[in-house]
Amino acid sequence: MDQPVAAIAFRFPSLPGVRLAFGMRTAAPAAAQAAAQAAACGDPFAGGNISYRVGDDPDRVTKARQAFRDTLGFTSWHALKQVHGDVMVFEPETDTIREPSPREADGQATSRPGAALIVKTADCQPILVAHASGRYVAALHVGWRGNVMDFPGSGVAAFCARYGLSPADCLAVRGPSLGPAASQFVNFEAEFGPRFAAYFDPATRTVDLWRLTRDQLAAAGLKPENIFGLDICTAASPQFFSYRRSRTTGRQASFIWIARDGV
């Protein structure tokens, strides 16, 4: 492994067999230094970009992906060609660690231990879901368009329908993403509409996407105490790639998988 990577580990209460991690820009050197160096040398992808579709060197992307796999300890990498929709994929089999996935969708789920479900983001919300049994997990990519179409709710519903689960027995966590203070939408009326007025601040033209996602997960049937969030704004944190901060940038990965040993 010759590509340093960094991630925030997360565990759901009482689910030691479900592993979660939220990728960051490399911590060696320090993430802030890495971001500053990248800006200075004109390299917007430095620090652990895992997307083949943003203009980075494919070999470097592969090395970053392999470094995450080796560091975190899962078996296979399952990513999607995310299109800001509401399509779910179940039981993905093809390991896409060395190539961009051709499959267009924004959510996936599995019951296979060792198979890591990947969400690629640079401000959008990665939502990772697990059933209380520890036998089923899902990963959703939710941008603002996903919120408008209630993908948090429909994604959970599809996950539960596929495996015969109750949403009340599911847990979810939202990873680092665009925070309320940075979520400015000058065309709110056209892009969101009056249904979302309660989440909109007219004075700043910002939308509280974090609260919206939490409410959509609760409306889908998750218990409030089973909904978690990492309140880290990607636009304000040099430790993360951010499309709002720079249109040309990399993508970080969020991961969820079932440990092969079950603990």
# chains A, B, ... in the order shown; residues from 1 in each chain; ligands from 1

call {"tool": "residues_around", "arguments": {"residues": "Gly143 in chain A", "least_positions_apart": "5", "cutoff": "10 Å", "atoms": "only C-alpha atoms", "output": "list in words"}}
result
Val83, His84, Gly85, Asp106, Thr121, Ala122, Asp123, Cys124, Gln125, Pro126, Val148, Phe151, Ser177, Leu178 and Leu209 of chain A

call {"tool": "write_last_selection", "arguments": {"atoms": "N, CA and C atoms", "output": "PDB file, in the first residue's frame"}}
result
ATOM      1  N   VAL A  83     -26.374   9.075 -10.389  1.00  0.00           N
ATOM      2  CA  VAL A  83     -27.030   9.982 -11.338  1.00  0.00           C
ATOM      3  C   VAL A  83     -28.095  10.856 -10.682  1.00  0.00           C
ATOM      4  N   HIS A  84     -28.070  10.960  -9.355  1.00  0.00           N
ATOM      5  CA  HIS A  84     -29.037  11.781  -8.627  1.00  0.00           C
ATOM      6  C   HIS A  84     -30.474  11.290  -8.858  1.00  0.00           C
ATOM      7  N   GLY A  85     -30.646   9.978  -8.834  1.00  0.00           N
ATOM      8  CA  GLY A  85     -31.968   9.381  -9.005  1.00  0.00           C
ATOM      9  C   GLY A  85     -32.403   8.639  -7.760  1.00  0.00           C
ATOM     10  N   ASP A 106     -28.429   5.050  -7.486  1.00  0.00           N
ATOM     11  CA  ASP A 106     -27.953   5.866  -6.367  1.00  0.00           C
ATOM     12  C   ASP A 106     -28.088   5.174  -5.018  1.00  0.00           C
ATOM     13  N   THR A 121     -19.009  11.035  -2.741  1.00  0.00           N
ATOM     14  CA  THR A 121     -19.593  12.357  -2.501  1.00  0.00           C
ATOM     15  C   THR A 121     -18.542  13.466  -2.537  1.00  0.00           C
ATOM     16  N   ALA A 122     -19.044  14.679  -2.779  1.00  0.00           N
ATOM     17  CA  ALA A 122     -18.238  15.893  -2.621  1.00  0.00           C
ATOM     18  C   ALA A 122     -19.199  17.012  -2.245  1.00  0.00           C
ATOM     19  N   ASP A 123     -20.044  16.774  -1.273  1.00  0.00           N
ATOM     20  CA  ASP A 123     -21.048  17.660  -0.666  1.00  0.00           C
ATOM     21  C   ASP A 123     -22.394  16.951  -0.483  1.00  0.00           C
ATOM     22  N   CYS A 124     -22.731  16.007  -1.382  1.00  0.00           N
ATOM     23  CA  CYS A 124     -23.986  15.270  -1.210  1.00  0.00           C
ATOM     24  C   CYS A 124     -23.934  14.436   0.067  1.00  0.00           C
ATOM     25  N   GLN A 125     -25.086  13.936   0.474  1.00  0.00           N
ATOM     26  CA  GLN A 125     -25.181  13.180   1.715  1.00  0.00           C
ATOM     27  C   GLN A 125     -25.040  11.676   1.474  1.00  0.00           C
ATOM     28  N   PRO A 126     -24.067  11.044   2.123  1.00  0.00           N
ATOM     29  CA  PRO A 126     -24.016   9.591   2.137  1.00  0.00           C
ATOM     30  C   PRO A 126     -24.852   9.087   3.311  1.00  0.00           C
ATOM     31  N   VAL A 148     -35.491  16.104  -2.762  1.00  0.00           N
ATOM     32  CA  VAL A 148     -36.742  16.551  -3.378  1.00  0.00           C
ATOM     33  C   VAL A 148     -37.616  15.360  -3.765  1.00  0.00           C
ATOM     34  N   PHE A 151     -35.695  10.342  -1.716  1.00  0.00           N
ATOM     35  CA  PHE A 151     -34.951   9.092  -1.831  1.00  0.00           C
ATOM     36  C   PHE A 151     -34.585   8.498  -0.479  1.00  0.00           C
ATOM     37  N   SER A 177     -21.225  16.160   4.891  1.00  0.00           N
ATOM     38  CA  SER A 177     -21.884  16.663   3.687  1.00  0.00           C
ATOM     39  C   SER A 177     -22.084  18.165   3.837  1.00  0.00           C
ATOM     40  N   LEU A 178     -22.757  18.765   2.874  1.00  0.00           N
ATOM     41  CA  LEU A 178     -22.953  20.209   2.879  1.00  0.00           C
ATOM     42  C   LEU A 178     -23.806  20.629   4.075  1.00  0.00           C
ATOM     43  N   LEU A 209     -30.532  20.789   4.790  1.00  0.00           N
ATOM     44  CA  LEU A 209     -30.651  19.447   4.227  1.00  0.00           C
ATOM     45  C   LEU A 209     -30.466  18.369   5.282  1.00  0.00           C
TER      46      LEU A 209
END

call {"tool": "residues_around", "arguments": {"residues": "Asp208 in chain A", "least_positions_apart": "5", "cutoff": "8 Å", "atoms": "only C-alpha atoms", "output": "PyMOL selection string"}}
result
chain A and resi 179-181+183+199-200

call {"tool": "write_last_selection", "arguments": {"atoms": "C-alpha atoms", "output": "PDB file, in the first residue's frame"}}
result
ATOM      1  CA  GLY A 179     -23.945  21.876   6.153  1.00  0.00           C
ATOM      2  CA  PRO A 180     -26.958  24.175   6.674  1.00  0.00           C
ATOM      3  CA  ALA A 181     -24.895  27.369   6.626  1.00  0.00           C
ATOM      4  CA  SER A 183     -26.461  25.029   1.559  1.00  0.00           C
ATOM      5  CA  TYR A 199     -36.374  23.915   5.777  1.00  0.00           C
ATOM      6  CA  PHE A 200     -35.629  27.173   3.940  1.00  0.00           C
TER       7      PHE A 200
END

call {"tool": "residues_around", "arguments": {"residues": "Ala64 in chain A", "least_positions_apart": "5", "cutoff": "12 Å", "atoms": "only C-alpha atoms", "output": "PyMOL selection string"}}
result
chain A and resi 1-6+23-26+45-52+56-59+69-71+97-98+250-253

call {"tool": "residues_around", "arguments": {"residues": "Phe228 in chain A", "least_positions_apart": "4", "cutoff": "9 Å", "atoms": "only C-alpha atoms", "output": "PDB file with C-alpha atoms, in the first residue's frame"}}
result
ATOM      1  CA  PHE A  12     -24.054   1.616  15.319  1.00  0.00           C
ATOM      2  CA  LEU A 171     -30.551   2.297  11.881  1.00  0.00           C
ATOM      3  CA  ALA A 172     -29.154   5.041   9.648  1.00  0.00           C
ATOM      4  CA  VAL A 173     -26.304   7.526   9.741  1.00  0.00           C
ATOM      5  CA  ARG A 174     -25.724  10.551   7.526  1.00  0.00           C
ATOM      6  CA  GLY A 175     -22.090  11.255   6.833  1.00  0.00           C
ATOM      7  CA  ARG A 214     -33.557  13.239   9.278  1.00  0.00           C
ATOM      8  CA  PRO A 224     -35.632   8.944  16.003  1.00  0.00           C
TER       9      PRO A 224
END

call {"tool": "atom_distance", "arguments": {"atom1": "CA of Thr234 in chain A", "atom2": "CA of Ser254 in chain A"}}
result
13.1 Å

call {"tool": "select_by_dssp", "arguments": {"residues": "range 113-232 of chain A", "states": "helix (DSSP H, G or I)", "output": "PyMOL selection string"}}
result
chain A and resi 144-148+151-163+167-169+180-182+188-191+194-199+209-219+224-226

call {"tool": "select_by_dssp", "arguments": {"residues": "range 14-233 of chain A", "states": "strand (DSSP E)", "output": "PyMOL selection string"}}
result
chain A and resi 18-24+76-78+88-90+107-110+115-121+125-131+137-142+170-174+200-201+206-207+227-229

call {"tool": "closest_residue", "arguments": {"among": "A:Asp86, A:Asp201, A:Asp261, A:Glu93", "to": "Gly146 in chain A", "atoms": "only C-alpha atoms"}}
result
A:Asp86

call {"tool": "closest_residue", "arguments": {"among": "A:Lys120, A:Gly229, A:Pro100, A:Leu128", "to": "Val18 in chain A", "atoms": "only C-alpha atoms"}}
result
A:Leu128

call {"tool": "atom_distance", "arguments": {"atom1": "CA of Ala130 in chain A", "atom2": "CA of Ile256 in chain A"}}
result
8.6 Å

call {"tool": "closest_residue", "arguments": {"among": "A:Ala7, A:Ile258, A:Ala220, A:Thr248", "to": "Gly42 in chain A", "atoms": "only C-alpha atoms"}}
result
A:Thr248

call {"tool": "closest_residue", "arguments": {"among": "A:Gly164, A:Gly155, A:Gly107, A:Pro202", "to": "Phe185 in chain A", "atoms": "only C-alpha atoms"}}
result
A:Pro202

call {"tool": "decode", "arguments": {"residues": "range 151-189 of chain A", "atoms": "N, CA and C atoms", "output": "PDB file, in the first residue's frame"}}
result
ATOM      1  N   PHE A 151     -35.695  10.342  -1.716  1.00  0.00           N
ATOM      2  CA  PHE A 151     -34.951   9.092  -1.831  1.00  0.00           C
ATOM      3  C   PHE A 151     -34.585   8.498  -0.479  1.00  0.00           C
ATOM      4  N   PRO A 152     -34.333   9.299   0.581  1.00  0.00           N
ATOM      5  CA  PRO A 152     -34.131   8.652   1.884  1.00  0.00           C
ATOM      6  C   PRO A 152     -35.299   7.746   2.250  1.00  0.00           C
ATOM      7  N   GLY A 153     -36.524   8.207   2.000  1.00  0.00           N
ATOM      8  CA  GLY A 153     -37.694   7.400   2.329  1.00  0.00           C
ATOM      9  C   GLY A 153     -37.910   6.242   1.387  1.00  0.00           C
ATOM     10  N   SER A 154     -37.843   6.488   0.080  1.00  0.00           N
ATOM     11  CA  SER A 154     -38.100   5.412  -0.875  1.00  0.00           C
ATOM     12  C   SER A 154     -36.977   4.388  -0.880  1.00  0.00           C
ATOM     13  N   GLY A 155     -35.742   4.833  -0.621  1.00  0.00           N
ATOM     14  CA  GLY A 155     -34.626   3.896  -0.551  1.00  0.00           C
ATOM     15  C   GLY A 155     -34.770   2.939   0.617  1.00  0.00           C
ATOM     16  N   VAL A 156     -35.141   3.471   1.775  1.00  0.00           N
ATOM     17  CA  VAL A 156     -35.373   2.623   2.950  1.00  0.00           C
ATOM     18  C   VAL A 156     -36.540   1.669   2.690  1.00  0.00           C
ATOM     19  N   ALA A 157     -37.609   2.181   2.076  1.00  0.00           N
ATOM     20  CA  ALA A 157     -38.773   1.340   1.790  1.00  0.00           C
ATOM     21  C   ALA A 157     -38.403   0.186   0.870  1.00  0.00           C
ATOM     22  N   ALA A 158     -37.614   0.462  -0.170  1.00  0.00           N
ATOM     23  CA  ALA A 158     -37.200  -0.589  -1.102  1.00  0.00           C
ATOM     24  C   ALA A 158     -36.291  -1.606  -0.409  1.00  0.00           C
ATOM     25  N   PHE A 159     -35.394  -1.131   0.423  1.00  0.00           N
ATOM     26  CA  PHE A 159     -34.496  -2.001   1.201  1.00  0.00           C
ATOM     27  C   PHE A 159     -35.304  -2.945   2.081  1.00  0.00           C
ATOM     28  N   CYS A 160     -36.257  -2.397   2.800  1.00  0.00           N
ATOM     29  CA  CYS A 160     -37.068  -3.218   3.707  1.00  0.00           C
ATOM     30  C   CYS A 160     -37.958  -4.197   2.930  1.00  0.00           C
ATOM     31  N   ALA A 161     -38.510  -3.753   1.807  1.00  0.00           N
ATOM     32  CA  ALA A 161     -39.369  -4.633   1.016  1.00  0.00           C
ATOM     33  C   ALA A 161     -38.576  -5.808   0.458  1.00  0.00           C
ATOM     34  N   ARG A 162     -37.355  -5.562   0.020  1.00  0.00           N
ATOM     35  CA  ARG A 162     -36.545  -6.624  -0.582  1.00  0.00           C
ATOM     36  C   ARG A 162     -36.238  -7.741   0.416  1.00  0.00           C
ATOM     37  N   TYR A 163     -35.939  -7.363   1.666  1.00  0.00           N
ATOM     38  CA  TYR A 163     -35.499  -8.358   2.638  1.00  0.00           C
ATOM     39  C   TYR A 163     -36.546  -8.683   3.698  1.00  0.00           C
ATOM     40  N   GLY A 164     -37.747  -8.137   3.568  1.00  0.00           N
ATOM     41  CA  GLY A 164     -38.805  -8.418   4.529  1.00  0.00           C
ATOM     42  C   GLY A 164     -38.535  -7.833   5.904  1.00  0.00           C
ATOM     43  N   LEU A 165     -38.090  -6.584   5.927  1.00  0.00           N
ATOM     44  CA  LEU A 165     -37.702  -5.929   7.178  1.00  0.00           C
ATOM     45  C   LEU A 165     -38.706  -4.857   7.563  1.00  0.00           C
ATOM     46  N   SER A 166     -38.652  -4.424   8.828  1.00  0.00           N
ATOM     47  CA  SER A 166     -39.430  -3.286   9.287  1.00  0.00           C
ATOM     48  C   SER A 166     -38.510  -2.079   9.424  1.00  0.00           C
ATOM     49  N   PRO A 167     -38.907  -0.909   8.910  1.00  0.00           N
ATOM     50  CA  PRO A 167     -38.081   0.291   9.088  1.00  0.00           C
ATOM     51  C   PRO A 167     -37.805   0.612  10.556  1.00  0.00           C
ATOM     52  N   ALA A 168     -38.722   0.215  11.424  1.00  0.00           N
ATOM     53  CA  ALA A 168     -38.533   0.479  12.853  1.00  0.00           C
ATOM     54  C   ALA A 168     -37.337  -0.274  13.424  1.00  0.00           C
ATOM     55  N   ASP A 169     -36.871  -1.293  12.695  1.00  0.00           N
ATOM     56  CA  ASP A 169     -35.721  -2.081  13.139  1.00  0.00           C
ATOM     57  C   ASP A 169     -34.452  -1.715  12.388  1.00  0.00           C
ATOM     58  N   CYS A 170     -34.469  -0.592  11.696  1.00  0.00           N
ATOM     59  CA  CYS A 170     -33.306  -0.145  10.932  1.00  0.00           C
ATOM     60  C   CYS A 170     -32.633   1.038  11.619  1.00  0.00           C
ATOM     61  N   LEU A 171     -31.337   1.173  11.389  1.00  0.00           N
ATOM     62  CA  LEU A 171     -30.551   2.297  11.881  1.00  0.00           C
ATOM     63  C   LEU A 171     -29.913   2.981  10.682  1.00  0.00           C
ATOM     64  N   ALA A 172     -29.738   4.293  10.766  1.00  0.00           N
ATOM     65  CA  ALA A 172     -29.154   5.041   9.648  1.00  0.00           C
ATOM     66  C   ALA A 172     -28.231   6.130  10.180  1.00  0.00           C
ATOM     67  N   VAL A 173     -27.202   6.417   9.407  1.00  0.00           N
ATOM     68  CA  VAL A 173     -26.304   7.526   9.741  1.00  0.00           C
ATOM     69  C   VAL A 173     -26.025   8.317   8.470  1.00  0.00           C
ATOM     70  N   ARG A 174     -26.096   9.648   8.607  1.00  0.00           N
ATOM     71  CA  ARG A 174     -25.724  10.551   7.526  1.00  0.00           C
ATOM     72  C   ARG A 174     -24.297  11.018   7.745  1.00  0.00           C
ATOM     73  N   GLY A 175     -23.490  10.893   6.710  1.00  0.00           N
ATOM     74  CA  GLY A 175     -22.090  11.255   6.833  1.00  0.00           C
ATOM     75  C   GLY A 175     -21.816  12.716   6.549  1.00  0.00           C
ATOM     76  N   PRO A 176     -20.544  13.124   6.588  1.00  0.00           N
ATOM     77  CA  PRO A 176     -20.158  14.502   6.290  1.00  0.00           C
ATOM     78  C   PRO A 176     -20.708  14.942   4.942  1.00  0.00           C
ATOM     79  N   SER A 177     -21.225  16.160   4.891  1.00  0.00           N
ATOM     80  CA  SER A 177     -21.884  16.663   3.687  1.00  0.00           C
ATOM     81  C   SER A 177     -22.084  18.165   3.837  1.00  0.00           C
ATOM     82  N   LEU A 178     -22.757  18.765   2.874  1.00  0.00           N
ATOM     83  CA  LEU A 178     -22.953  20.209   2.879  1.00  0.00           C
ATOM     84  C   LEU A 178     -23.806  20.629   4.075  1.00  0.00           C
ATOM     85  N   GLY A 179     -23.249  21.465   4.948  1.00  0.00           N
ATOM     86  CA  GLY A 179     -23.945  21.876   6.153  1.00  0.00           C
ATOM     87  C   GLY A 179     -24.978  22.963   5.894  1.00  0.00           C
ATOM     88  N   PRO A 180     -25.880  23.189   6.849  1.00  0.00           N
ATOM     89  CA  PRO A 180     -26.958  24.175   6.674  1.00  0.00           C
ATOM     90  C   PRO A 180     -26.469  25.572   6.311  1.00  0.00           C
ATOM     91  N   ALA A 181     -25.377  26.015   6.895  1.00  0.00           N
ATOM     92  CA  ALA A 181     -24.895  27.369   6.626  1.00  0.00           C
ATOM     93  C   ALA A 181     -24.350  27.522   5.210  1.00  0.00           C
ATOM     94  N   ALA A 182     -23.949  26.417   4.583  1.00  0.00           N
ATOM     95  CA  ALA A 182     -23.356  26.470   3.246  1.00  0.00           C
ATOM     96  C   ALA A 182     -24.320  26.045   2.153  1.00  0.00           C
ATOM     97  N   SER A 183     -25.504  25.583   2.533  1.00  0.00           N
ATOM     98  CA  SER A 183     -26.461  25.029   1.559  1.00  0.00           C
ATOM     99  C   SER A 183     -27.326  26.133   0.955  1.00  0.00           C
ATOM    100  N   GLN A 184     -26.707  26.997   0.200  1.00  0.00           N
ATOM    101  CA  GLN A 184     -27.443  28.108  -0.397  1.00  0.00           C
ATOM    102  C   GLN A 184     -28.049  27.691  -1.738  1.00  0.00           C
ATOM    103  N   PHE A 185     -29.338  28.001  -1.902  1.00  0.00           N
ATOM    104  CA  PHE A 185     -30.053  27.691  -3.140  1.00  0.00           C
ATOM    105  C   PHE A 185     -30.804  28.955  -3.562  1.00  0.00           C
ATOM    106  N   VAL A 186     -30.212  29.697  -4.487  1.00  0.00           N
ATOM    107  CA  VAL A 186     -30.814  30.960  -4.905  1.00  0.00           C
ATOM    108  C   VAL A 186     -32.067  30.726  -5.748  1.00  0.00           C
ATOM    109  N   ASN A 187     -32.230  29.530  -6.286  1.00  0.00           N
ATOM    110  CA  ASN A 187     -33.424  29.179  -7.060  1.00  0.00           C
ATOM    111  C   ASN A 187     -34.309  28.203  -6.290  1.00  0.00           C
ATOM    112  N   PHE A 188     -34.412  28.418  -4.983  1.00  0.00           N
ATOM    113  CA  PHE A 188     -35.149  27.497  -4.125  1.00  0.00           C
ATOM    114  C   PHE A 188     -36.580  27.256  -4.613  1.00  0.00           C
ATOM    115  N   GLU A 189     -37.265  28.304  -4.991  1.00  0.00           N
ATOM    116  CA  GLU A 189     -38.679  28.163  -5.354  1.00  0.00           C
ATOM    117  C   GLU A 189     -38.852  27.215  -6.546  1.00  0.00           C
TER     118      GLU A 189
END
